[in-house]
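The file my_file33.cif comes next; it holds mmCIF, C-alpha atoms.
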```cif
data_structure
loop_
_atom_site.label_atom_id
_atom_site.label_comp_id
_atom_site.auth_asym_id
_atom_site.auth_seq_id
_atom_site.Cartn_x
_atom_site.Cartn_y
_atom_site.Cartn_z
CA MET A 1 12.27 7.90 0.91
CA GLU A 2 9.79 10.12 -0.98
CA THR A 3 12.24 11.41 -3.60
CA GLY A 4 15.75 11.00 -4.97
CA ASP A 5 16.40 14.73 -5.21
CA PRO A 6 18.24 16.27 -2.20
CA GLN A 7 16.76 19.74 -2.66
CA MET A 8 13.25 18.32 -2.73
CA LEU A 9 13.92 16.34 0.44
CA LYS A 10 14.86 19.61 2.09
CA ARG A 11 11.81 21.37 0.66
CA ILE A 12 9.40 18.82 2.14
CA ARG A 13 11.29 18.77 5.46
CA LYS A 14 11.90 15.06 5.36
CA GLY A 15 14.78 15.33 7.81
CA ILE A 16 16.97 12.72 6.13
CA LYS A 17 19.65 12.74 3.46
CA LEU A 18 20.03 10.59 0.37
CA GLU A 19 23.19 9.02 1.75
CA HIS A 20 21.12 7.59 4.62
CA ALA A 21 19.12 5.38 2.26
CA ALA A 22 21.67 2.68 1.38
CA PRO A 23 22.86 2.09 4.99
CA ALA A 24 19.23 1.90 6.18
CA VAL A 25 18.43 -0.69 3.54
CA GLN A 26 21.50 -2.72 4.46
CA MET A 27 20.64 -2.65 8.16
CA CYS A 28 17.20 -4.04 7.33
CA LYS A 29 18.72 -6.83 5.27
CA ASP A 30 21.23 -7.64 8.02
CA ALA A 31 18.36 -7.92 10.51
CA GLY A 32 16.41 -10.28 8.25
CA ILE A 33 13.85 -7.64 7.26
CA VAL A 34 12.76 -7.37 3.64
CA PRO A 35 12.87 -3.59 2.99
CA HIS A 36 10.48 -1.82 0.66
CA VAL A 37 11.13 1.76 -0.43
CA SER A 38 8.26 4.04 -1.41
CA PHE A 39 8.70 7.13 -3.57
CA ILE A 40 6.20 9.94 -4.09
CA VAL A 41 5.93 11.63 -7.47
CA GLY A 42 4.30 15.01 -8.02
CA LEU A 43 5.84 16.77 -5.05
CA PRO A 44 6.22 20.57 -5.16
CA GLY A 45 8.84 21.52 -7.72
CA GLU A 46 8.84 18.11 -9.41
CA THR A 47 10.55 18.07 -12.81
CA PRO A 48 11.60 15.37 -15.29
CA GLU A 49 15.07 15.61 -13.74
CA THR A 50 13.88 15.04 -10.17
CA MET A 51 11.82 12.03 -11.24
CA GLN A 52 14.86 10.57 -12.97
CA ALA A 53 16.89 11.18 -9.80
CA SER A 54 14.32 9.12 -7.88
CA ASP A 55 14.54 6.41 -10.52
CA ARG A 56 18.34 6.25 -10.28
CA LEU A 57 18.26 6.05 -6.49
CA ALA A 58 15.54 3.40 -6.48
CA ARG A 59 17.47 1.16 -8.86
CA SER A 60 20.75 1.65 -7.01
CA LEU A 61 19.36 0.33 -3.72
CA ASN A 62 18.74 -3.19 -5.06
CA VAL A 63 15.51 -3.42 -3.09
CA LEU A 64 11.76 -3.66 -3.60
CA TYR A 65 10.35 -0.23 -4.33
CA GLY A 66 7.31 1.50 -5.74
CA TYR A 67 5.84 4.87 -6.71
CA HIS A 68 2.79 6.66 -5.36
CA TYR A 69 1.23 9.92 -6.43
CA LEU A 70 1.08 12.94 -4.13
CA ALA A 71 -2.30 13.29 -2.38
CA PRO A 72 -2.33 16.72 -0.63
CA PHE A 73 -4.92 16.16 2.09
CA PRO A 74 -6.59 19.01 3.98
CA GLY A 75 -4.54 20.02 6.98
CA THR A 76 -1.20 19.30 5.35
CA THR A 77 1.25 22.15 4.94
CA VAL A 78 1.49 21.69 1.19
CA ARG A 79 -2.26 22.17 0.83
CA GLU A 80 -2.87 24.86 3.43
CA GLN A 81 0.11 26.94 2.29
CA ILE A 82 0.09 25.98 -1.37
CA GLU A 83 0.86 29.55 -2.46
CA LYS A 84 4.41 28.96 -1.20
CA TYR A 85 4.99 26.01 -3.50
CA ASP A 86 5.33 25.22 -7.16
CA LEU A 87 2.19 23.13 -7.16
CA GLU A 88 -1.41 23.27 -8.35
CA ILE A 89 -4.08 20.93 -6.98
CA LEU A 90 -6.48 19.91 -9.74
CA THR A 91 -9.39 18.31 -7.89
CA ASP A 92 -11.21 18.16 -4.57
CA ASP A 93 -12.80 14.82 -5.41
CA TRP A 94 -11.69 12.91 -2.32
CA ALA A 95 -12.25 9.55 -4.03
CA LYS A 96 -9.14 10.35 -6.09
CA TYR A 97 -6.97 10.98 -3.03
CA ASP A 98 -5.76 7.39 -2.78
CA ALA A 99 -2.25 8.04 -4.18
CA ASN A 100 -3.09 6.02 -7.29
CA ASP A 101 -3.41 8.88 -9.78
CA ALA A 102 -1.84 12.24 -10.54
CA ILE A 103 -4.08 15.03 -9.23
CA VAL A 104 -1.53 17.88 -9.21
CA ARG A 105 0.77 19.65 -11.62
CA THR A 106 3.91 21.73 -11.33
CA LYS A 107 5.42 24.31 -13.66
CA ALA A 108 7.44 21.59 -15.35
CA LEU A 109 4.96 18.71 -15.33
CA VAL A 110 1.32 18.06 -16.12
CA PRO A 111 -0.48 14.93 -14.82
CA GLU A 112 0.12 13.08 -18.09
CA ASP A 113 3.90 13.45 -17.60
CA ILE A 114 3.72 12.07 -14.09
CA ARG A 115 1.48 9.18 -15.14
CA ALA A 116 3.81 8.31 -18.03
CA PHE A 117 6.78 8.08 -15.66
CA VAL A 118 4.94 5.72 -13.32
CA ALA A 119 3.58 3.72 -16.27
CA ARG A 120 7.11 2.93 -17.45
CA TYR A 121 7.95 1.63 -14.00
CA ASP A 122 4.69 -0.35 -13.86
CA GLU A 123 5.45 -2.01 -17.20
CA GLU A 124 8.83 -3.20 -15.92
CA MET A 125 7.31 -4.41 -12.68
CA TYR A 126 4.53 -6.24 -14.53
CA THR A 127 7.08 -8.27 -16.48
CA ASP A 128 8.95 -9.17 -13.30
CA TRP A 129 5.67 -9.93 -11.53
CA GLU A 130 4.60 -12.37 -14.24
CA LYS A 131 7.86 -14.26 -13.73
CA LEU A 132 7.29 -14.37 -9.98
CA LEU A 133 3.73 -15.62 -10.43
CA ALA A 134 4.87 -18.35 -12.80
CA GLY A 135 7.49 -19.43 -10.29
CA TYR A 136 4.90 -19.43 -7.52
CA VAL A 137 2.52 -21.64 -9.52
CA ASN A 138 5.30 -23.94 -10.74
CA LYS A 139 6.91 -24.08 -7.28
CA THR A 140 10.28 -22.93 -8.61
CA ASN A 141 10.55 -19.72 -6.57
CA ALA A 142 12.87 -19.26 -3.64
CA PRO A 143 11.06 -18.77 -0.27
CA LEU A 144 11.73 -15.03 -0.35
CA GLU A 145 10.16 -14.77 -3.81
CA ASN A 146 7.04 -16.60 -2.63
CA MET A 147 6.86 -14.25 0.34
CA ARG A 148 6.85 -11.32 -2.10
CA VAL A 149 3.94 -12.83 -4.01
CA GLU A 150 1.88 -13.56 -0.92
CA GLY A 151 2.76 -10.22 0.64
CA TYR A 152 1.59 -8.40 -2.48
CA TRP A 153 -1.71 -10.27 -2.48
CA ARG A 154 -2.19 -9.61 1.22
CA MET A 155 -1.47 -5.90 0.83
CA HIS A 156 -4.10 -5.52 -1.89
CA LEU A 157 -6.57 -7.67 0.00
CA THR A 158 -6.15 -5.51 3.09
CA TYR A 159 -6.71 -2.40 0.99
CA LYS A 160 -9.97 -3.83 -0.38
CA ILE A 161 -11.13 -4.84 3.09
CA LEU A 162 -10.52 -1.35 4.44
CA LYS A 163 -11.72 0.65 1.46
CA ASN A 164 -14.97 -1.30 1.08
CA ASP A 165 -15.67 -1.69 4.83
CA LEU A 166 -15.91 -5.46 4.46
CA VAL A 167 -15.50 -6.19 8.17
CA GLU A 168 -18.31 -3.75 8.94
CA LYS A 169 -20.43 -5.15 6.11
CA TYR A 170 -20.02 -8.85 6.78
CA GLY A 171 -18.75 -9.01 10.37
CA LEU A 172 -22.02 -10.09 12.02
CA ILE A 173 -22.22 -13.86 11.74
CA GLU A 174 -25.63 -15.14 12.70
CA THR A 175 -26.01 -17.62 15.56
CA ALA A 176 -26.99 -20.47 13.26
CA LEU A 177 -23.75 -20.05 11.28
CA CYS A 178 -21.28 -19.49 14.10
CA ASP A 179 -22.81 -21.98 16.58
CA GLY A 180 -21.36 -20.03 19.50
CA SER A 181 -17.80 -20.30 18.18
CA GLN A 182 -15.55 -17.36 17.28
CA GLU A 183 -13.49 -19.66 15.08
CA ASN A 184 -16.57 -20.64 13.08
CA ALA A 185 -17.55 -16.98 12.81
CA LEU A 186 -14.09 -16.00 11.57
CA ARG A 187 -14.19 -18.79 9.02
CA GLU A 188 -17.56 -17.57 7.76
CA LEU A 189 -16.33 -13.96 7.62
CA SER A 190 -13.34 -15.11 5.57
CA ASN A 191 -15.63 -17.01 3.19
CA ARG A 192 -17.74 -13.90 2.65
CA ILE A 193 -14.63 -11.84 1.92
CA ILE A 194 -13.42 -14.48 -0.55
CA VAL A 195 -16.72 -14.22 -2.45
CA GLU A 196 -16.70 -10.41 -2.35
CA THR A 197 -13.08 -9.91 -3.44
CA GLY A 198 -12.29 -12.99 -5.51
CA ALA A 199 -9.01 -13.28 -3.58
CA GLU A 200 -7.13 -16.52 -3.05
CA PRO A 201 -8.82 -18.42 -0.16
CA GLN A 202 -5.49 -19.25 1.45
CA ILE A 203 -4.46 -15.59 1.49
CA VAL A 204 -7.81 -14.47 2.92
CA ASN A 205 -7.80 -17.13 5.62
CA HIS A 206 -4.22 -16.38 6.64
CA THR A 207 -4.84 -12.63 6.63
CA MET A 208 -8.03 -12.74 8.70
CA THR A 209 -6.55 -15.24 11.15
CA ASP A 210 -3.53 -12.99 11.57
CA PHE A 211 -5.76 -9.94 12.09
CA ALA A 212 -7.54 -11.80 14.89
CA ARG A 213 -4.32 -13.13 16.43
CA ARG A 214 -2.79 -9.66 16.54
CA GLY A 215 -5.94 -8.14 17.97
CA TYR A 216 -6.67 -5.95 14.94
CA ILE A 217 -10.17 -7.41 14.87
CA THR A 218 -12.09 -8.65 17.89
CA ALA A 219 -15.24 -10.75 18.25
CA LYS A 220 -18.19 -9.94 20.45
CA MET A 221 -20.86 -12.56 21.18
CA SER A 222 -24.51 -11.57 21.52
CA ASP A 223 -27.99 -13.01 21.07
CA GLU A 224 -27.70 -12.14 17.38
CA GLY A 225 -24.54 -14.17 16.91
CA CYS A 226 -20.84 -13.31 16.75
CA CYS A 227 -19.81 -9.88 15.51
CA TRP A 228 -16.27 -9.31 14.27
CA MET A 229 -15.18 -5.68 14.30
CA TRP A 230 -12.05 -3.58 14.24
CA SER A 231 -10.69 -3.33 17.77
CA ASP A 232 -11.02 0.46 17.91
CA ASP A 233 -14.77 0.11 17.27
CA ILE A 234 -15.42 -1.77 20.50
#
```

Same coordinates, now as structure tokens:
Amino acid sequence: METGDPQMLKRIRKGIKLEHAAPAVQMCKDAGIVPHVSFIVGLPGETPETMQASDRLARSLNVLYGYHYLAPFPGTTVREQIEKYDLEILTDDWAKYDANDAIVRTKALVPEDIRAFVARYDEEMYTDWEKLLAGYVNKTNAPLENMRVEGYWRMHLTYKILKNDLVEKYGLIETALCDGSQENALRELSNRIIVETGAEPQIVNHTMTDFARRGYITAKMSDEGCCWMWSDDI
């Protein structure tokens, strides 16, 4: 959705209108899809009022949602033509371009303002998350609530795997460990990722098995053993 302000939607050429959001969410629900709406804060022209507009829209949709910070990558219009926008980019440290921190400011907002807005949302979500976790552990959650918990863990696990190149780092499983079996090699790769990330073993095993089933990762046998790699690397 990006933002709850109609003028900002037009400014960033999103090509949709606010009134499209609720019907889209309902269509997802009707089809059995759990929708998740993502909003970006720190867009050109962002003000306290536009952030509050996003907050009102997010709450009105009765759906899972979250906030990310604008990361104006090279090649994007907002970066290459920044003189046209109410926006100042504060750093070229690419490690900070992960949408997890405010690295811009507008005439109306400094990074601290943007962070404070997201922090209020995070505090609310943390309280709700603790209730979900307790229900997961105590087995009192509904199936959809458990799916939210496991989906959250899987999302963050996937992020760690990608960001830290864990498939590239641990994907070669030596012959003695895999014994000529891709299944054994995948199991060993999952074990290594569990140790590296500290993630729940069940989530890691399910995630890596699903990656293999969908063809996201592929195994290649050689004299050295079995090497798991991202499919595009083959």

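The space separating CA of Ile203 (chain A) from CA of Gly32 (chain A) comes to 22.6 Å.
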
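Remark: for Cys178 (chain A), the closest of the candidate residues A:Ala199, A:Leu162, A:Met51, A:Cys227 is A:Cys227 (distances computed over only C-alpha atoms).
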
If we count only C-alpha atoms, what is near Asn62 (chain A) at a cut-off of 12 Å, once residues fewer than 2 positions away on the same chain are taken out, given as a VMD selection string? chain A and resid 21 to 22 25 to 26 29 34 to 37 55 to 60 64 to 65

Written selection (C-alpha atoms) as a PDB file, keeping the file's coordinate frame:
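Now in result21.pdb:
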```pdb
ATOM      1  CA  ALA A  21      19.120   5.380   2.260  1.00  0.00           C
ATOM      2  CA  ALA A  22      21.670   2.680   1.380  1.00  0.00           C
ATOM      3  CA  VAL A  25      18.430  -0.690   3.540  1.00  0.00           C
ATOM      4  CA  GLN A  26      21.500  -2.720   4.460  1.00  0.00           C
ATOM      5  CA  LYS A  29      18.720  -6.830   5.270  1.00  0.00           C
ATOM      6  CA  VAL A  34      12.760  -7.370   3.640  1.00  0.00           C
ATOM      7  CA  PRO A  35      12.870  -3.590   2.990  1.00  0.00           C
ATOM      8  CA  HIS A  36      10.480  -1.820   0.660  1.00  0.00           C
ATOM      9  CA  VAL A  37      11.130   1.760  -0.430  1.00  0.00           C
ATOM     10  CA  ASP A  55      14.540   6.410 -10.520  1.00  0.00           C
ATOM     11  CA  ARG A  56      18.340   6.250 -10.280  1.00  0.00           C
ATOM     12  CA  LEU A  57      18.260   6.050  -6.490  1.00  0.00           C
ATOM     13  CA  ALA A  58      15.540   3.400  -6.480  1.00  0.00           C
ATOM     14  CA  ARG A  59      17.470   1.160  -8.860  1.00  0.00           C
ATOM     15  CA  SER A  60      20.750   1.650  -7.010  1.00  0.00           C
ATOM     16  CA  LEU A  64      11.760  -3.660  -3.600  1.00  0.00           C
ATOM     17  CA  TYR A  65      10.350  -0.230  -4.330  1.00  0.00           C
TER      18      TYR A  65
END
```

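The environment of Asn164 (chain A) within 12 Å, counting all atoms listed in the file and disregarding residues fewer than 5 places along the same chain, consists of Leu157, Thr158, Tyr159, Lys169, Tyr170, Ile193, Glu196 and Thr197 of chain A.
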
Top pick for closest residue to His20 (chain A), considering A:Leu61, A:Thr77, A:Asp92, A:Ile40 and counting only C-alpha atoms: A:Leu61

Need the shell around Ser231 (chain A): protein/DNA/RNA residues with any atom at most 8 Å away, counting all atoms listed in the file. Skip same-chain ones fewer than 6 positions apart. Format as a ChimeraX atom specification? /A:215-218

For Glu200 (chain A), please output as a PyMOL selection string all residues within 12 Å (counting all atoms listed in the file; exclusion window: fewer than 2 positions along the same chain). chain A and resi 149-150+152-154+156-157+190-191+193-198+202-207

If you keep C-alpha atoms, can you produce a file of those selected residues as a JSON list (two decimals), in the coordinates of the input?
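Wrote selection26.json, looks like this:
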```
[["chain", "number", "residue", "atom", "x", "y", "z"],
["A", 149, "VAL", "CA", 3.94, -12.83, -4.01],
["A", 150, "GLU", "CA", 1.88, -13.56, -0.92],
["A", 152, "TYR", "CA", 1.59, -8.40, -2.48],
["A", 153, "TRP", "CA", -1.71, -10.27, -2.48],
["A", 154, "ARG", "CA", -2.19, -9.61, 1.22],
["A", 156, "HIS", "CA", -4.10, -5.52, -1.89],
["A", 157, "LEU", "CA", -6.57, -7.67, 0.00],
["A", 190, "SER", "CA", -13.34, -15.11, 5.57],
["A", 191, "ASN", "CA", -15.63, -17.01, 3.19],
["A", 193, "ILE", "CA", -14.63, -11.84, 1.92],
["A", 194, "ILE", "CA", -13.42, -14.48, -0.55],
["A", 195, "VAL", "CA", -16.72, -14.22, -2.45],
["A", 196, "GLU", "CA", -16.70, -10.41, -2.35],
["A", 197, "THR", "CA", -13.08, -9.91, -3.44],
["A", 198, "GLY", "CA", -12.29, -12.99, -5.51],
["A", 202, "GLN", "CA", -5.49, -19.25, 1.45],
["A", 203, "ILE", "CA", -4.46, -15.59, 1.49],
["A", 204, "VAL", "CA", -7.81, -14.47, 2.92],
["A", 205, "ASN", "CA", -7.80, -17.13, 5.62],
["A", 206, "HIS", "CA", -4.22, -16.38, 6.64],
["A", 207, "THR", "CA", -4.84, -12.63, 6.63]]
```

Neighbours of Ala185 (chain A) within 10 Å (only C-alpha atoms; same-chain residues fewer than 4 positions away dropped), as a VMD selection string? chain A and resid 171 to 175 177 to 181 189 to 191 219 225 to 228

Written selection (C-alpha atoms) as a compact mmCIF listing (two decimals), in the frame of the given file:
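Okay, this is what ended up in part.txt:
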```txt
# COMPACT_ATOMS: atom_id res chain seq x y z
CA GLY A 171 -18.75 -9.01 10.37
CA LEU A 172 -22.02 -10.09 12.02
CA ILE A 173 -22.22 -13.86 11.74
CA GLU A 174 -25.63 -15.14 12.70
CA THR A 175 -26.01 -17.62 15.56
CA LEU A 177 -23.75 -20.05 11.28
CA CYS A 178 -21.28 -19.49 14.10
CA ASP A 179 -22.81 -21.98 16.58
CA GLY A 180 -21.36 -20.03 19.50
CA SER A 181 -17.80 -20.30 18.18
CA LEU A 189 -16.33 -13.96 7.62
CA SER A 190 -13.34 -15.11 5.57
CA ASN A 191 -15.63 -17.01 3.19
CA ALA A 219 -15.24 -10.75 18.25
CA GLY A 225 -24.54 -14.17 16.91
CA CYS A 226 -20.84 -13.31 16.75
CA CYS A 227 -19.81 -9.88 15.51
CA TRP A 228 -16.27 -9.31 14.27
```

Decode the PyMOL selection byres ((chain A and resi 50) around 12) for the given file into explicit residues and return them as number ranges by chain. A: 2-9, 39-49, 51-57, 108-109, 114, 117

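CA of Leu166 (chain A) lies 28.8 Å from CA of Thr76 (chain A).
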
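Here CA of Leu186 (chain A) stands at a distance of 17.1 Å from CA of Asp223 (chain A).
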
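For the set A:Val167, A:Ile103, A:Ile16, A:Met147, the residue with the smallest atom-to-atom gap to Arg115 (chain A) is A:Ile103, counting all atoms listed in the file.
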
Centre and edge lengths, as lines of an AutoDock Vina configuration file, for the axis-aligned box enclosing every listed atom of region 55-74 of chain A with 3 Å of padding on each of the six sides, in Å to one decimal?
```
center_x = 7.1
center_y = 7.7
center_z = -3.3
size_x = 33.3
size_y = 28.7
size_z = 20.5
```

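Proximity to Ala99 (chain A) was assessed for A:Asn146, A:Gln81, A:Ser38, A:Ser222 counting all atoms listed in the file; the smallest distance is recorded for A:Ser38.
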